[in-house]
file structure-v3.cif (mmCIF, C-alpha atoms (C1' of nucleotides))
data_protein
#
loop_
_atom_site.label_atom_id
_atom_site.label_comp_id
_atom_site.auth_asym_id
_atom_site.auth_seq_id
_atom_site.Cartn_x
_atom_site.Cartn_y
_atom_site.Cartn_z
CA MET A 1 -9.60 -26.91 -12.15
CA SER A 2 -5.90 -27.26 -11.48
CA SER A 3 -4.19 -29.89 -9.37
CA SER A 4 -4.18 -27.38 -6.53
CA GLY A 5 -7.95 -27.59 -6.36
CA PHE A 6 -8.37 -23.98 -7.45
CA ALA A 7 -9.21 -22.67 -10.90
CA PRO A 8 -7.33 -19.60 -12.12
CA LEU A 9 -9.57 -16.71 -13.11
CA PRO A 10 -9.61 -16.21 -16.89
CA PRO A 11 -7.41 -13.57 -18.57
CA SER A 12 -10.56 -11.53 -19.24
CA PHE A 13 -10.79 -10.83 -15.49
CA TYR A 14 -7.72 -8.62 -15.77
CA GLN A 15 -9.05 -6.70 -18.81
CA ALA A 16 -10.53 -3.89 -16.77
CA PRO A 17 -9.50 -0.35 -15.83
CA VAL A 18 -7.09 -0.54 -12.91
CA LEU A 19 -9.48 1.00 -10.35
CA ASP A 20 -12.28 -1.39 -11.35
CA LEU A 21 -9.92 -4.34 -11.17
CA ALA A 22 -8.68 -3.30 -7.73
CA ARG A 23 -12.27 -3.23 -6.47
CA ALA A 24 -12.98 -6.61 -8.07
CA MET A 25 -9.93 -8.19 -6.46
CA ILE A 26 -11.23 -7.75 -2.92
CA GLY A 27 -12.53 -11.17 -1.84
CA LYS A 28 -10.70 -13.08 -4.57
CA VAL A 29 -8.24 -15.76 -3.51
CA LEU A 30 -4.50 -15.51 -4.17
CA VAL A 31 -3.03 -18.98 -4.67
CA HIS A 32 0.65 -19.96 -4.67
CA VAL A 33 1.45 -23.55 -5.51
CA ALA A 34 4.83 -23.94 -3.83
CA LYS A 35 7.08 -26.97 -3.58
CA GLU A 36 6.29 -27.36 0.08
CA GLY A 37 2.56 -27.07 -0.43
CA THR A 38 -0.26 -24.92 -1.74
CA LEU A 39 -0.83 -21.61 0.01
CA ALA A 40 -3.86 -19.40 -0.40
CA GLY A 41 -5.59 -16.43 1.14
CA ARG A 42 -8.49 -14.09 0.47
CA ILE A 43 -7.44 -10.63 -0.69
CA VAL A 44 -8.84 -8.19 1.85
CA GLU A 45 -6.81 -5.08 0.97
CA CYS A 46 -5.15 -3.69 -2.16
CA GLU A 47 -4.08 -0.41 -3.76
CA ALA A 48 -4.20 0.83 -7.35
CA TYR A 49 -1.18 2.51 -8.95
CA ARG A 50 -1.78 4.26 -12.25
CA GLY A 51 1.37 5.41 -13.96
CA PRO A 52 2.61 7.31 -15.81
CA LEU A 53 0.56 10.19 -14.37
CA ASP A 54 0.29 8.83 -10.81
CA LEU A 55 3.33 10.14 -8.96
CA ALA A 56 3.06 7.40 -6.33
CA ALA A 57 3.64 4.68 -8.93
CA HIS A 58 7.05 3.24 -9.67
CA SER A 59 6.19 3.88 -13.31
CA ALA A 60 5.58 7.61 -12.65
CA GLY A 61 6.56 9.73 -15.60
CA GLY A 62 6.75 6.63 -17.77
CA ARG A 63 9.89 5.40 -16.03
CA ARG A 64 10.65 2.13 -17.76
CA THR A 65 13.49 0.15 -16.24
CA LYS A 66 14.43 -3.42 -15.64
CA ARG A 67 12.39 -3.31 -12.45
CA THR A 68 9.22 -1.71 -13.88
CA GLU A 69 9.35 -3.43 -17.27
CA VAL A 70 6.64 -6.01 -16.59
CA MET A 71 4.14 -3.22 -15.78
CA PHE A 72 4.36 -2.06 -19.40
CA GLY A 73 3.35 -5.49 -20.65
CA PRO A 74 -0.07 -7.16 -20.74
CA ALA A 75 -2.30 -7.37 -17.67
CA GLY A 76 -2.50 -10.45 -15.53
CA HIS A 77 1.17 -10.82 -14.65
CA ALA A 78 3.05 -10.54 -11.36
CA TYR A 79 5.07 -7.42 -10.61
CA MET A 80 7.39 -8.10 -7.67
CA TYR A 81 9.62 -5.50 -6.09
CA PHE A 82 12.07 -5.50 -3.22
CA LEU A 83 12.26 -2.63 -0.76
CA TYR A 84 13.78 -1.49 2.50
CA GLY A 85 16.51 -4.03 1.99
CA MET A 86 14.45 -6.96 3.21
CA HIS A 87 10.85 -7.09 2.00
CA TRP A 88 9.17 -8.22 -1.20
CA ALA A 89 5.80 -6.96 -2.40
CA PHE A 90 3.37 -8.57 -4.87
CA ASN A 91 1.39 -6.65 -7.48
CA VAL A 92 -1.00 -7.58 -10.28
CA VAL A 93 -0.22 -5.85 -13.57
CA ALA A 94 -3.28 -4.08 -14.98
CA GLY A 95 -4.21 -1.90 -17.91
CA GLU A 96 -3.69 -2.16 -21.64
CA GLU A 97 -0.27 -3.12 -22.91
CA GLY A 98 1.85 0.02 -22.71
CA ASP A 99 -0.11 1.43 -19.75
CA PRO A 100 2.08 0.83 -16.68
CA HIS A 101 -0.65 0.17 -14.14
CA ALA A 102 -0.50 -2.22 -11.19
CA ILE A 103 -2.34 -3.23 -8.05
CA LEU A 104 -0.42 -3.82 -4.83
CA VAL A 105 -1.91 -6.60 -2.70
CA ARG A 106 -1.54 -5.39 0.88
CA ALA A 107 -3.22 -8.05 3.02
CA LEU A 108 -4.60 -11.58 2.94
CA GLU A 109 -6.91 -13.58 5.16
CA PRO A 110 -5.14 -16.98 5.20
CA THR A 111 -7.35 -19.84 4.02
CA LEU A 112 -5.07 -22.71 2.99
CA GLY A 113 -1.58 -23.77 4.06
CA VAL A 114 -1.84 -21.87 7.31
CA GLU A 115 0.54 -24.28 9.03
CA LEU A 116 3.26 -23.58 6.46
CA MET A 117 2.62 -19.83 6.61
CA ALA A 118 2.95 -19.91 10.37
CA ALA A 119 6.24 -21.77 10.10
CA ARG A 120 7.61 -19.27 7.57
CA ARG A 121 6.53 -16.33 9.68
CA ASN A 122 7.53 -17.91 12.97
CA LEU A 123 4.10 -17.10 14.41
CA PRO A 124 1.20 -19.14 15.78
CA GLU A 125 -1.27 -20.41 13.18
CA THR A 126 -3.94 -18.30 14.81
CA SER A 127 -1.99 -15.06 14.47
CA VAL A 128 -3.74 -12.23 12.67
CA GLN A 129 -0.30 -11.06 11.55
CA LEU A 130 0.50 -13.94 9.19
CA ALA A 131 -0.23 -11.90 6.05
CA ASN A 132 -1.61 -8.49 7.08
CA GLY A 133 0.91 -6.41 5.14
CA PRO A 134 2.60 -6.41 1.72
CA GLY A 135 5.91 -7.77 3.02
CA LYS A 136 4.25 -10.17 5.42
CA LEU A 137 2.08 -11.85 2.81
CA CYS A 138 5.07 -12.38 0.51
CA ALA A 139 6.99 -13.94 3.37
CA ALA A 140 4.03 -16.12 4.32
CA LEU A 141 3.43 -17.32 0.75
CA GLY A 142 7.12 -17.61 -0.12
CA LEU A 143 6.96 -15.06 -2.93
CA GLY A 144 10.13 -13.32 -4.09
CA ALA A 145 12.29 -12.57 -7.12
CA SER A 146 11.46 -15.88 -8.79
CA ALA A 147 7.81 -14.84 -9.06
CA TYR A 148 8.64 -11.67 -11.05
CA GLY A 149 6.77 -11.60 -14.34
CA LEU A 150 4.88 -14.85 -13.80
CA SER A 151 1.62 -15.12 -15.70
CA LEU A 152 -1.42 -15.33 -13.46
CA LYS A 153 -2.96 -17.81 -15.87
CA GLY A 154 -1.27 -20.29 -13.53
CA PRO A 155 -0.54 -22.95 -12.62
CA ARG A 156 2.02 -21.69 -10.12
CA LEU A 157 0.63 -18.35 -9.05
CA PHE A 158 -2.86 -17.04 -9.78
CA LEU A 159 -6.10 -15.54 -8.51
CA ALA A 160 -9.13 -17.79 -8.00
CA GLU A 161 -12.82 -17.08 -7.50
CA GLY A 162 -13.93 -15.74 -4.15
CA GLN A 163 -16.57 -13.47 -2.70
CA ARG A 164 -16.40 -10.24 -0.80
CA ARG A 165 -18.20 -10.76 2.50
CA ALA A 166 -18.68 -7.18 3.67
CA ALA A 167 -18.97 -3.70 2.27
CA LEU A 168 -16.09 -2.27 0.26
CA GLY A 169 -14.06 0.37 2.07
CA ARG A 170 -11.85 3.04 0.47
CA SER A 171 -9.09 5.24 1.77
CA PRO A 172 -5.95 7.02 0.64
CA ARG A 173 -2.97 4.76 -0.01
CA ILE A 174 -0.46 3.95 2.71
CA ASN A 175 3.00 5.52 2.92
CA VAL A 176 2.97 7.47 -0.31
CA ASP A 177 3.18 10.95 1.21
CA TYR A 178 5.96 11.81 -1.22
CA ALA A 179 3.44 11.78 -4.09
CA GLY A 180 1.90 15.19 -3.36
CA ALA A 181 -1.75 15.51 -4.39
CA TRP A 182 -1.75 11.92 -5.67
CA ALA A 183 -1.28 10.67 -2.11
CA ALA A 184 -4.76 11.91 -1.21
CA ARG A 185 -6.56 9.87 -3.85
CA PRO A 186 -8.74 7.10 -2.33
CA TRP A 187 -7.13 4.30 -4.29
CA ARG A 188 -6.82 1.84 -1.44
CA PHE A 189 -9.64 -0.71 -1.22
CA TYR A 190 -10.44 -3.12 1.59
CA GLU A 191 -13.15 -5.34 3.05
CA ARG A 192 -14.80 -3.46 5.89
CA GLY A 193 -14.52 -4.92 9.35
CA ASN A 194 -12.04 -7.59 8.29
CA ARG A 195 -9.47 -8.12 11.03
CA TYR A 196 -6.71 -8.95 8.54
CA VAL A 197 -6.66 -5.47 6.98
CA SER A 198 -3.21 -4.02 7.65
CA VAL A 199 -3.71 -0.44 8.76
CA ARG A 200 -6.79 0.29 10.81
CA PRO A 201 -9.14 2.34 8.62
CA ARG A 202 -11.31 5.09 10.07
CA ASP A 203 -14.49 3.39 8.97
"C1'" DG B 1 -2.38 2.43 21.73
"C1'" DA B 2 1.22 5.61 19.67
"C1'" DA B 3 5.71 6.96 18.46
"C1'" DT B 4 10.40 5.93 17.34
"C1'" DA B 5 14.54 3.83 15.53
"C1'" DG B 6 17.05 0.22 13.25
"C1'" DA B 7 17.55 -3.38 9.90
"C1'" DT B 8 19.68 -3.98 5.03
"C1'" DT B 9 20.04 -4.06 -0.33
"C1'" DG B 10 18.46 -3.37 -5.22
"C1'" DT B 11 17.74 0.43 -8.07
"C1'" DC B 12 18.35 4.81 -9.81
"C1'" DT B 13 20.66 9.71 -9.68
"C1'" DG C 1 25.39 7.92 -2.29
"C1'" DA C 2 20.40 8.32 -1.26
"C1'" DC C 3 16.46 6.23 -0.52
"C1'" DA C 4 12.37 3.09 -0.60
"C1'" DA C 5 4.39 1.18 -2.02
"C1'" DT C 6 7.92 -2.18 5.33
"C1'" DC C 7 8.36 -4.82 9.60
"C1'" DT C 8 9.80 -5.47 14.23
"C1'" DA C 9 11.23 -4.45 18.81
"C1'" DT C 10 11.33 -1.11 22.19
"C1'" DT C 11 9.88 2.67 24.82
"C1'" DC C 12 6.98 5.41 26.10
"C1'" DT C 13 1.77 7.01 27.78
#
call {"tool": "encode", "arguments": {"input": "structure-v3.cif", "output": "structure tokens"}}
result
Amino acid sequence: MSSSGFAPLPPSFYQAPVLDLARAMIGKVLVHVAKEGTLAGRIVECEAYRGPLDLAAHSAGGRRTKRTEVMFGPAGHAYMYFLYGMHWAFNVVAGEEGDPHAILVRALEPTLGVELMAARRNLPETSVQLANGPGKLCAALGLGASAYGLSLKGPRLFLAEGQRRAALGRSPRINVDYAGAWAARPWRFYERGNRYVSVRPRD
DNA sequence: GAATAGATTGTCT
DNA sequence: GACAATCTATTCT
């Protein structure tokens, strides 16, 4: 148990095929121990990206650059990327070393540090929009470039135990229409009925 | 509720 | 120089 009161999941948790890991991550708790306080939320939505074959992945075709480098390393590390000029997104690196797989965390149900999240997001503490999107959750938790490549063994940033409370839902991934047939694959996972899921599923 | 446009910058062609 | 695994405000219906 760390000083944050949460115990990081063991490295073995991340030693699973990327689709299995994505499923297993729903209900787990993402914890960021920041200077200003500890922030945490249940993962209620995520998406699997399986390069080099998956054309929706940043590592499509085996593209290995400064940005994608951490995806080629061992599982259980943070892959951060910046997009649209103003948003950060948080991913968990998955797969064997050399397999550039990752899981984008798309939405959290805030559980700890809600006051600080609300301040960072300039929203009421009761708002459902604190962390219901990839960019929003990074803003709420204060995650950015400095989190790139961090090991999820902790103690600063890690996943902790947590339970899924409703059935697992699946759908195609969001905003990857450019990926052709890969865009249709049901590689987005979410907790059914959870109001913090970002894009209303068809359920 | 749905559709649209604008913001703004690191990364790659 | 183009564009992106997005978010927000605005303008409809």
call {"tool": "interface_residues", "arguments": {"input": "structure-v3.cif", "of": "chain A", "to": "chain B", "cutoff": "10 Å", "atoms": "all atoms listed in the file", "output": "number ranges by chain"}}
result
A: 65-67, 81-87
call {"tool": "residues_around", "arguments": {"input": "structure-v3.cif", "residues": "A:Leu150", "least_positions_apart": "3", "cutoff": "12 Å", "atoms": "only C-alpha atoms (C1' of nucleotides)", "output": "VMD selection string"}}
result
chain A and resid 32 70 to 71 73 to 80 90 to 93 143 to 147 153 to 158
call {"tool": "write_last_selection", "arguments": {"input": "structure-v3.cif", "atoms": "C-alpha atoms", "output": "PDB file, keeping the file's coordinate frame"}}
result
ATOM      1  CA  HIS A  32       0.650 -19.960  -4.670  1.00  0.00           C
ATOM      2  CA  VAL A  70       6.640  -6.010 -16.590  1.00  0.00           C
ATOM      3  CA  MET A  71       4.140  -3.220 -15.780  1.00  0.00           C
ATOM      4  CA  GLY A  73       3.350  -5.490 -20.650  1.00  0.00           C
ATOM      5  CA  PRO A  74      -0.070  -7.160 -20.740  1.00  0.00           C
ATOM      6  CA  ALA A  75      -2.300  -7.370 -17.670  1.00  0.00           C
ATOM      7  CA  GLY A  76      -2.500 -10.450 -15.530  1.00  0.00           C
ATOM      8  CA  HIS A  77       1.170 -10.820 -14.650  1.00  0.00           C
ATOM      9  CA  ALA A  78       3.050 -10.540 -11.360  1.00  0.00           C
ATOM     10  CA  TYR A  79       5.070  -7.420 -10.610  1.00  0.00           C
ATOM     11  CA  MET A  80       7.390  -8.100  -7.670  1.00  0.00           C
ATOM     12  CA  PHE A  90       3.370  -8.570  -4.870  1.00  0.00           C
ATOM     13  CA  ASN A  91       1.390  -6.650  -7.480  1.00  0.00           C
ATOM     14  CA  VAL A  92      -1.000  -7.580 -10.280  1.00  0.00           C
ATOM     15  CA  VAL A  93      -0.220  -5.850 -13.570  1.00  0.00           C
ATOM     16  CA  LEU A 143       6.960 -15.060  -2.930  1.00  0.00           C
ATOM     17  CA  GLY A 144      10.130 -13.320  -4.090  1.00  0.00           C
ATOM     18  CA  ALA A 145      12.290 -12.570  -7.120  1.00  0.00           C
ATOM     19  CA  SER A 146      11.460 -15.880  -8.790  1.00  0.00           C
ATOM     20  CA  ALA A 147       7.810 -14.840  -9.060  1.00  0.00           C
ATOM     21  CA  LYS A 153      -2.960 -17.810 -15.870  1.00  0.00           C
ATOM     22  CA  GLY A 154      -1.270 -20.290 -13.530  1.00  0.00           C
ATOM     23  CA  PRO A 155      -0.540 -22.950 -12.620  1.00  0.00           C
ATOM     24  CA  ARG A 156       2.020 -21.690 -10.120  1.00  0.00           C
ATOM     25  CA  LEU A 157       0.630 -18.350  -9.050  1.00  0.00           C
ATOM     26  CA  PHE A 158      -2.860 -17.040  -9.780  1.00  0.00           C
TER      27      PHE A 158
END
call {"tool": "closest_atom_pairs", "arguments": {"input": "structure-v3.cif", "of": "chain C", "to": "chain A", "cutoff": "9 Å", "atoms": "all atoms listed in the file", "output": "CSV"}}
result
residue,atom,partner,partner_atom,distance
C:DC3,C1',A:Tyr84,CA,8.7
C:DA4,C1',A:Tyr84,CA,5.7
C:DA5,C1',A:Val176,CA,6.7
C:DT6,C1',A:Gly135,CA,6.4
C:DC7,C1',A:Gly135,CA,7.6
call {"tool": "resolve_selection", "arguments": {"input": "structure-v3.cif", "expression": "the PyMOL selection byres ((chain A and resi 183-189) around 8)", "output": "PyMOL selection string"}}
result
chain A and resi 19+22-23+26+45-49+56+168-174+176-182+190-191
call {"tool": "atom_distance", "arguments": {"input": "structure-v3.cif", "atom1": "atom CA of A:Glu161", "atom2": "atom CA of A:Lys28"}}
result
5.4 Å
call {"tool": "atom_distance", "arguments": {"input": "structure-v3.cif", "atom1": "atom CA of A:Ala107", "atom2": "atom CA of A:Ser151"}}
result
20.6 Å
call {"tool": "atom_distance", "arguments": {"input": "structure-v3.cif", "atom1": "atom C1' of C:DT11", "atom2": "atom CA of A:Cys138"}}
result
29.0 Å
call {"tool": "axis_aligned_box", "arguments": {"input": "structure-v3.cif", "around": "stretch 37-50 of chain A", "padding_each_side": "6 Å", "output": "lines of an AutoDock Vina configuration file"}}
result
center_x = -3.1
center_y = -11.4
center_z = -5.2
size_x = 23.4
size_y = 43.3
size_z = 26.1
call {"tool": "resolve_selection", "arguments": {"input": "structure-v3.cif", "expression": "the PyMOL selection byres ((chain A and resi 116) around 9)", "output": "MDAnalysis selection string"}}
result
chainID A and resid 36:37 39 113:115 117:121 125 140:141
call {"tool": "resolve_selection", "arguments": {"input": "structure-v3.cif", "expression": "the PyMOL selection byres ((chain A and resi 51) around 8)", "output": "ChimeraX atom specification"}}
result
/A:49-50,52-55,57-62,99-101
call {"tool": "closest_residue", "arguments": {"input": "structure-v3.cif", "among": "A:Thr38, A:Thr126, A:Asn132, A:Ser12", "to": "A:Arg195", "atoms": "only C-alpha atoms"}}
result
A:Asn132
